[in-house]
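Colleague: Sharing a structure, written as structure tokens. Questions coming.
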Amino acid sequence: MQKTEDQPLARRPLLSAVALDMEGGERIGEARDAARRFMSEVQAVHGIPVSERAMGLVELVVSELVTNAHKYAPGPCLLDLEVSDGAVEISVWDSDPALPVPREADPHRIGKHGLEIVMAVCRSFEIRREPVGKRVKAGIVLADDPGGHPAGRLM
């Protein structure tokens, strides 16, 4: 595999990285804004089509993952967004090594549905421990599925 700097511009992944100090809840809004700006740039500057569904889902997933980092992990949080091969990968790192566990469906539970929602709307989902903390990754397809699948076209 060639190094990124040797690849033509059109084949390089598009990246955004944001470090968030999670002291204030306003950082969650900051993360959503950063994701919206990045996705708008992907479309406007780089000419990569991004459906309204994908735009909204990116903001939703970023909001849910960064909110979880804010609630459960002390210290900073890192948000990475990468577009390649028709999808955006959202990656959130935080300092807590405890892995989140999806809860069983409970129509009477109020709140704590964020992880379930993220897993339902994403093409891919992964959680892994790192030397410090953990990283949660979720992939969202940029184009709509002609069949109407909410997670986009499955490649």
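Every chain in the structure tokens has a letter given in the order shown (A, B, ...), and although residue numbers restart at 1 in each chain, ligands are simply numbered from 1 in the order shown.
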As a ChimeraX atom specification, please: the residues near Ile28 of chain A (cut-off 7 Å, only C-alpha atoms, same-chain neighbours under 5 positions excluded).
Modeller: /A:63,66-67
Colleague: List every residue of chain A that DSSP, applied to the backbone of this structure, assigns to strand (DSSP E), and report them as a PyMOL selection string.
Modeller: chain A and resi 14-21+76-84+87-94+124-129+134-141
Colleague: Show which residues sit within 8 Å of segment 126-142 of chain A, as a PyMOL selection string. Count only C-alpha atoms, and ignore same-chain residues fewer than 3 positions away.
Modeller: chain A and resi 49-51+54-55+57-58+61+65+86-99+118-119+121-123+151-154
Colleague: Point out the residue among A:Ser124, A:Asp33, A:Asp145, A:Gly114 with the least atom-to-atom distance to Glu64 of chain A, counting only C-alpha atoms.
Modeller: A:Gly114
Colleague: Please determine, counting only C-alpha atoms, which residue among A:Pro100, A:Phe38, A:Gly56, A:Pro76 has the shortest atom-to-atom distance to Ser16 of chain A.
Modeller: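 Smallest distance to Ser16 of chain A is found for A:Phe38.
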Colleague: Considering only C-alpha atoms, can you say which of A:Ile110, A:Ala35, A:Val83, A:Val101 comes closest to Ile48 of chain A?
Modeller: A:Val83
Colleague: From the set A:Leu81, A:Lys71, A:Phe125, A:Met39, which residue has the shortest atom-to-atom contact distance to Arg53 of chain A, counting only C-alpha atoms?
Modeller: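 Ranking A:Leu81, A:Lys71, A:Phe125, A:Met39 by distance to Arg53 of chain A, first place goes to A:Met39.
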Colleague: Just list as a PyMOL selection string whatever in segment 4-142 of chain A DSSP marks as helix (DSSP H, G or I).
Modeller: chain A and resi 4-6+9-11+26-44+52-72+114-121
Colleague: Emit the selected residues as a JSON list (two decimals), in the first residue's frame, including C-alpha atoms.
Modeller:
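result37.json, freshly written:
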```
[["chain", "number", "residue", "atom", "x", "y", "z"],
["A", 4, "THR", "CA", -0.88, 8.84, 1.72],
["A", 5, "GLU", "CA", 1.40, 11.59, 0.40],
["A", 6, "ASP", "CA", 2.08, 9.48, -2.73],
["A", 9, "LEU", "CA", -5.51, 14.00, -4.05],
["A", 10, "ALA", "CA", -8.80, 12.43, -5.15],
["A", 11, "ARG", "CA", -7.86, 9.10, -3.52],
["A", 26, "GLU", "CA", -20.94, 23.19, 25.53],
["A", 27, "ARG", "CA", -18.21, 20.96, 24.07],
["A", 28, "ILE", "CA", -20.91, 18.57, 22.85],
["A", 29, "GLY", "CA", -22.39, 21.35, 20.72],
["A", 30, "GLU", "CA", -18.87, 22.26, 19.58],
["A", 31, "ALA", "CA", -18.34, 18.66, 18.43],
["A", 32, "ARG", "CA", -21.63, 18.67, 16.49],
["A", 33, "ASP", "CA", -20.68, 21.99, 14.85],
["A", 34, "ALA", "CA", -17.25, 20.64, 13.89],
["A", 35, "ALA", "CA", -18.86, 17.55, 12.35],
["A", 36, "ARG", "CA", -21.37, 19.66, 10.39],
["A", 37, "ARG", "CA", -18.61, 21.97, 9.09],
["A", 38, "PHE", "CA", -16.46, 19.01, 8.07],
["A", 39, "MET", "CA", -19.30, 17.26, 6.23],
["A", 40, "SER", "CA", -20.32, 20.51, 4.50],
["A", 41, "GLU", "CA", -16.71, 20.96, 3.36],
["A", 42, "VAL", "CA", -16.57, 17.38, 2.10],
["A", 43, "GLN", "CA", -19.52, 18.19, -0.12],
["A", 44, "ALA", "CA", -18.86, 21.83, -1.10],
["A", 52, "GLU", "CA", -29.28, 14.85, 4.06],
["A", 53, "ARG", "CA", -29.72, 11.53, 5.89],
["A", 54, "ALA", "CA", -25.96, 11.13, 6.25],
["A", 55, "MET", "CA", -25.50, 14.76, 7.33],
["A", 56, "GLY", "CA", -28.09, 14.36, 10.10],
["A", 57, "LEU", "CA", -26.82, 10.96, 11.20],
["A", 58, "VAL", "CA", -23.23, 12.21, 11.49],
["A", 59, "GLU", "CA", -24.39, 14.99, 13.83],
["A", 60, "LEU", "CA", -26.54, 12.55, 15.83],
["A", 61, "VAL", "CA", -23.79, 9.95, 16.22],
["A", 62, "VAL", "CA", -21.16, 12.56, 17.13],
["A", 63, "SER", "CA", -23.56, 14.03, 19.69],
["A", 64, "GLU", "CA", -24.31, 10.64, 21.27],
["A", 65, "LEU", "CA", -20.68, 9.46, 21.40],
["A", 66, "VAL", "CA", -19.28, 12.75, 22.72],
["A", 67, "THR", "CA", -22.11, 12.98, 25.27],
["A", 68, "ASN", "CA", -21.17, 9.51, 26.54],
["A", 69, "ALA", "CA", -17.52, 10.54, 26.80],
["A", 70, "HIS", "CA", -18.57, 13.67, 28.71],
["A", 71, "LYS", "CA", -20.79, 11.70, 31.12],
["A", 72, "TYR", "CA", -18.57, 8.72, 31.84],
["A", 114, "GLY", "CA", -27.75, 6.46, 22.85],
["A", 115, "LEU", "CA", -25.61, 3.40, 22.16],
["A", 116, "GLU", "CA", -28.61, 1.49, 20.84],
["A", 117, "ILE", "CA", -29.44, 4.37, 18.49],
["A", 118, "VAL", "CA", -25.87, 4.64, 17.22],
["A", 119, "MET", "CA", -25.67, 0.90, 16.56],
["A", 120, "ALA", "CA", -29.02, 0.97, 14.72],
["A", 121, "VAL", "CA", -28.15, 3.79, 12.29]]
```
Colleague: Atom CA of Ala19 of chain A and atom CA of Gly47 of chain A are how many Å apart?
Modeller: 26.4 Å
